[in-house]
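Asker: I'm passing along structure05.pdb; it holds PDB, C-alpha atoms and all ligand atoms.
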ATOM      1  CA  MET A   1     -13.721 -52.382  28.641
ATOM      2  CA  ALA A   2     -11.124 -51.650  31.223
ATOM      3  CA  ARG A   3     -11.210 -48.212  32.652
ATOM      4  CA  GLN A   4      -7.868 -46.726  31.866
ATOM      5  CA  VAL A   5      -7.044 -43.753  33.980
ATOM      6  CA  ASP A   6      -3.666 -42.231  33.576
ATOM      7  CA  THR A   7      -2.805 -41.516  37.160
ATOM      8  CA  SER A   8       0.245 -39.501  36.232
ATOM      9  CA  GLU A   9      -2.015 -36.912  34.654
ATOM     10  CA  ILE A  10      -4.249 -36.708  37.676
ATOM     11  CA  PHE A  11      -1.882 -36.706  40.606
ATOM     12  CA  LYS A  12       0.049 -33.567  41.226
ATOM     13  CA  HIS A  13       3.225 -32.843  43.047
ATOM     14  CA  PRO A  14       4.523 -29.515  44.287
ATOM     15  CA  VAL A  15       7.521 -27.977  42.580
ATOM     16  CA  HIS A  16       9.221 -25.162  44.393
ATOM     17  CA  CYS A  17       9.518 -21.936  42.468
ATOM     18  CA  PHE A  18      12.581 -20.138  43.714
ATOM     19  CA  ARG A  19      11.455 -16.817  42.363
ATOM     20  CA  CYS A  20       8.147 -16.473  44.150
ATOM     21  CA  ASP A  21       9.090 -18.980  46.844
ATOM     22  CA  GLU A  22       5.879 -20.920  46.398
ATOM     23  CA  ALA A  23       5.176 -24.585  45.885
ATOM     24  CA  ILE A  24       3.383 -24.888  42.573
ATOM     25  CA  TYR A  25       1.470 -28.050  41.748
ATOM     26  CA  PHE A  26       2.155 -29.726  38.439
ATOM     27  CA  THR A  27       0.994 -33.118  37.251
ATOM     28  CA  LEU A  28       3.425 -35.985  37.658
ATOM     29  CA  ARG A  29       3.623 -36.365  33.911
ATOM     30  CA  GLU A  30       4.605 -32.757  33.427
ATOM     31  CA  ILE A  31       7.338 -33.081  36.027
ATOM     32  CA  ALA A  32       8.623 -36.363  34.633
ATOM     33  CA  GLU A  33       8.628 -35.429  30.970
ATOM     34  CA  ASP A  34       9.076 -31.703  30.652
ATOM     35  CA  GLU A  35      12.477 -30.100  30.941
ATOM     36  CA  THR A  36      11.079 -26.773  31.916
ATOM     37  CA  LEU A  37       7.848 -25.803  33.561
ATOM     38  CA  THR A  38       6.490 -22.317  33.687
ATOM     39  CA  CYS A  39       5.453 -21.005  37.051
ATOM     40  CA  PRO A  40       1.863 -19.779  36.672
ATOM     41  CA  VAL A  41       2.402 -17.234  39.411
ATOM     42  CA  CYS A  42       5.477 -15.341  38.260
ATOM     43  CA  ALA A  43       5.905 -16.797  34.741
ATOM     44  CA  THR A  44       9.462 -17.856  35.495
ATOM     45  CA  ASP A  45      10.790 -20.945  33.797
ATOM     46  CA  ILE A  46      11.461 -23.711  36.270
ATOM     47  CA  ASN A  47      14.383 -25.642  34.849
ATOM     48  CA  LEU A  48      13.914 -29.236  35.933
ATOM     49  CA  SER A  49      17.328 -30.259  34.652
ATOM     50  CA  ASP A  50      18.790 -28.040  37.354
ATOM     51  CA  ASP A  51      20.599 -30.045  40.051
ATOM     52  CA  GLY A  52      18.218 -28.784  42.700
ATOM     53  CA  TYR A  53      15.266 -30.489  41.013
ATOM     54  CA  LYS A  54      16.942 -33.793  40.216
ATOM     55  CA  PRO A  55      15.822 -35.615  43.378
ATOM     56  CA  LEU A  56      12.256 -34.422  42.796
ATOM     57  CA  VAL A  57      12.181 -35.521  39.154
ATOM     58  CA  ALA A  58      13.697 -38.883  40.084
ATOM     59  CA  SER A  59      11.143 -39.496  42.795
ATOM     60  CA  VAL A  60       8.242 -38.514  40.534
ATOM     61  CA  ARG A  61       9.494 -40.881  37.834
ATOM     62  CA  ASP A  62       9.687 -43.646  40.424
ATOM     63  CA  THR A  63       6.123 -42.915  41.440
ATOM     64  CA  ILE A  64       4.895 -43.093  37.851
ATOM     65  CA  ARG A  65       6.753 -46.348  37.364
ATOM     66  CA  SER A  66       5.049 -47.812  40.396
ATOM     67  CA  PHE A  67       1.647 -46.769  38.992
ATOM     68  CA  SER A  68       2.314 -48.244  35.596
ATOM     69  CA  GLN A  69       3.533 -51.587  36.854
ATOM     70  CA  PRO A  70       0.515 -53.794  36.831
ATOM     71  CA  SER A  71       0.814 -56.766  39.098
ATOM     72  CA  LEU A  72       1.692 -59.312  36.475
ATOM     73  CA  ALA A  73       1.323 -62.496  38.385
ATOM     74  CA  ALA A  74       2.829 -64.697  35.755
TER      75      ALA A  74
HETATM   76 ZN    ZN A 101       7.032 -18.425  40.616
END
Using structure tokens, write down the structure that the file contains.
Answerer:
Amino acid sequence: MARQVDTSEIFKHPVHCFRCDEAIYFTLREIAEDETLTCPVCATDINLSDDGYKPLVASVRDTIRSFSQPSLAA
């Protein structure tokens, strides 16, 4: 029974909310898969398809990919 922990649902990464000017932590999976996040502080939608968030989303997706690549020594 392998212990399967989905790291992308545990690790969090800050997303900057431009309205309240705070870094809000969301899970990697939320950042990678959701198009919009809602800031829990000011309830503003954070539109991740916005150009300003593209580098962040790309880097989070890279991180998830690196988690989910088991070392297949084949
Ligand atoms: Zn906010």
Asker: Hey, which residues come within 10 Å of ligand ZN 101 (chain A) if we count all atoms listed in the file? Could you give them as a tab-separated table (two decimals) with C-alpha atoms, in the frame of the given file?
Answerer:
chain	number	residue	atom	x	y	z
A	15	VAL	CA	7.52	-27.98	42.58
A	16	HIS	CA	9.22	-25.16	44.39
A	17	CYS	CA	9.52	-21.94	42.47
A	18	PHE	CA	12.58	-20.14	43.71
A	19	ARG	CA	11.46	-16.82	42.36
A	20	CYS	CA	8.15	-16.47	44.15
A	21	ASP	CA	9.09	-18.98	46.84
A	22	GLU	CA	5.88	-20.92	46.40
A	23	ALA	CA	5.18	-24.58	45.88
A	24	ILE	CA	3.38	-24.89	42.57
A	38	THR	CA	6.49	-22.32	33.69
A	39	CYS	CA	5.45	-21.00	37.05
A	40	PRO	CA	1.86	-19.78	36.67
A	41	VAL	CA	2.40	-17.23	39.41
A	42	CYS	CA	5.48	-15.34	38.26
A	43	ALA	CA	5.90	-16.80	34.74
A	44	THR	CA	9.46	-17.86	35.49
A	45	ASP	CA	10.79	-20.94	33.80
A	46	ILE	CA	11.46	-23.71	36.27
Asker: May I have the centre and edge lengths, in Å to one decimal, of an axis-aligned box around the listed atoms of stretch 19-34 of chain A with 4 Å added to every side, as lines of an AutoDock Vina configuration file?
Answerer:
center_x = 6.2
center_y = -26.4
center_z = 38.7
size_x = 18.5
size_y = 27.9
size_z = 24.2
Asker: Atom CA of A:Glu35 and atom CA of A:Leu48, how far apart in Å?
Answerer: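 Between these atoms lies a distance of 5.3 Å.
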Asker: Nearest to A:Thr36: which of A:Val5, A:Ile10, A:Val57, A:Ile64 is it, counting only C-alpha atoms?
Answerer: A:Val57
Asker: Near A:Glu30, counting all atoms listed in the file, which residues have an atom at most 10 Å away, once you skip same-chain residues fewer than 2 positions from it, shown as a list in words?
Answerer: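 These residues fall inside the cut-off: Ser8, Glu9, Lys12, His13, Phe26, Thr27, Leu28, Ala32, Glu33, Asp34, Glu35, Thr36, Leu37, Val57 and Val60 of chain A.
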Asker: I'd like to know which of A:Asp6, A:Ile31, A:Pro70, A:Asp62 is closest to A:Ser49, using only C-alpha atoms.
Answerer: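 Between A:Asp6, A:Ile31, A:Pro70, A:Asp62, the residue approaching A:Ser49 most closely is A:Ile31.
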Asker: As an exercise, work out the distance from atom CA of A:Lys54 to atom CA of A:Arg29 in Å and give it to one decimal place.
Answerer: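 For atom CA of A:Lys54 relative to atom CA of A:Arg29, the distance reads 15.0 Å.
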Asker: Figure out the distance between atom CA of A:Gln69 and atom CA of A:Gly52, please, to one decimal in Å.
Answerer: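 Rounded to one decimal, the two atoms are 27.7 Å apart.
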Asker: Missing atoms in stretch 46-73 of chain A: fill them in up to N, CA and C atoms and send the result as a short mmCIF file (atom, residue, chain, number, x, y, z; two decimals), in the coordinates of the input.
Answerer:
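Printed below is rebuild-v4.cif as written:
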data_model
loop_
_atom_site.label_atom_id
_atom_site.label_comp_id
_atom_site.auth_asym_id
_atom_site.auth_seq_id
_atom_site.Cartn_x
_atom_site.Cartn_y
_atom_site.Cartn_z
N ILE A 46 10.89 -22.84 35.25
CA ILE A 46 11.46 -23.71 36.27
C ILE A 46 12.22 -24.79 35.52
N ASN A 47 13.54 -24.74 35.62
CA ASN A 47 14.38 -25.64 34.85
C ASN A 47 14.59 -26.95 35.62
N LEU A 48 13.88 -27.98 35.19
CA LEU A 48 13.91 -29.24 35.93
C LEU A 48 15.22 -29.99 35.74
N SER A 49 16.03 -29.59 34.79
CA SER A 49 17.33 -30.26 34.65
C SER A 49 18.35 -29.66 35.62
N ASP A 50 17.95 -28.63 36.32
CA ASP A 50 18.79 -28.04 37.35
C ASP A 50 19.03 -29.07 38.48
N ASP A 51 20.25 -29.08 39.01
CA ASP A 51 20.60 -30.04 40.05
C ASP A 51 19.61 -30.05 41.21
N GLY A 52 19.11 -28.88 41.56
CA GLY A 52 18.22 -28.78 42.70
C GLY A 52 16.92 -29.55 42.52
N TYR A 53 16.53 -29.80 41.27
CA TYR A 53 15.27 -30.49 41.01
C TYR A 53 15.46 -31.97 40.72
N LYS A 54 16.71 -32.40 40.61
CA LYS A 54 16.94 -33.79 40.22
C LYS A 54 16.30 -34.81 41.16
N PRO A 55 16.45 -34.63 42.49
CA PRO A 55 15.82 -35.62 43.38
C PRO A 55 14.30 -35.65 43.21
N LEU A 56 13.71 -34.49 42.98
CA LEU A 56 12.26 -34.42 42.80
C LEU A 56 11.84 -35.17 41.53
N VAL A 57 12.52 -34.88 40.42
CA VAL A 57 12.18 -35.52 39.15
C VAL A 57 12.36 -37.03 39.27
N ALA A 58 13.45 -37.46 39.93
CA ALA A 58 13.70 -38.88 40.08
C ALA A 58 12.59 -39.54 40.90
N SER A 59 12.16 -38.88 41.95
CA SER A 59 11.14 -39.50 42.80
C SER A 59 9.79 -39.53 42.10
N VAL A 60 9.50 -38.51 41.30
CA VAL A 60 8.24 -38.51 40.53
C VAL A 60 8.26 -39.62 39.49
N ARG A 61 9.41 -39.80 38.83
CA ARG A 61 9.49 -40.88 37.83
C ARG A 61 9.32 -42.25 38.49
N ASP A 62 9.88 -42.40 39.68
CA ASP A 62 9.69 -43.65 40.42
C ASP A 62 8.21 -43.87 40.72
N THR A 63 7.54 -42.81 41.11
CA THR A 63 6.12 -42.92 41.44
C THR A 63 5.33 -43.34 40.22
N ILE A 64 5.61 -42.73 39.07
CA ILE A 64 4.89 -43.09 37.85
C ILE A 64 5.15 -44.55 37.49
N ARG A 65 6.41 -44.97 37.68
CA ARG A 65 6.75 -46.35 37.36
C ARG A 65 5.95 -47.30 38.25
N SER A 66 5.79 -46.93 39.50
CA SER A 66 5.05 -47.81 40.40
C SER A 66 3.56 -47.86 40.02
N PHE A 67 3.03 -46.77 39.46
CA PHE A 67 1.65 -46.77 38.99
C PHE A 67 1.50 -47.68 37.79
N SER A 68 2.49 -47.60 36.89
CA SER A 68 2.31 -48.24 35.60
C SER A 68 2.77 -49.70 35.61
N GLN A 69 3.19 -50.17 36.78
CA GLN A 69 3.53 -51.59 36.85
C GLN A 69 2.34 -52.37 37.34
N PRO A 70 1.64 -52.97 36.40
CA PRO A 70 0.52 -53.79 36.83
C PRO A 70 1.06 -55.05 37.49
N SER A 71 0.33 -55.57 38.43
CA SER A 71 0.81 -56.77 39.10
C SER A 71 0.66 -57.96 38.16
N LEU A 72 1.70 -58.21 37.43
CA LEU A 72 1.69 -59.31 36.48
C LEU A 72 2.05 -60.60 37.20
N ALA A 73 1.06 -61.26 37.69
CA ALA A 73 1.32 -62.50 38.38
C ALA A 73 1.47 -63.62 37.37
#
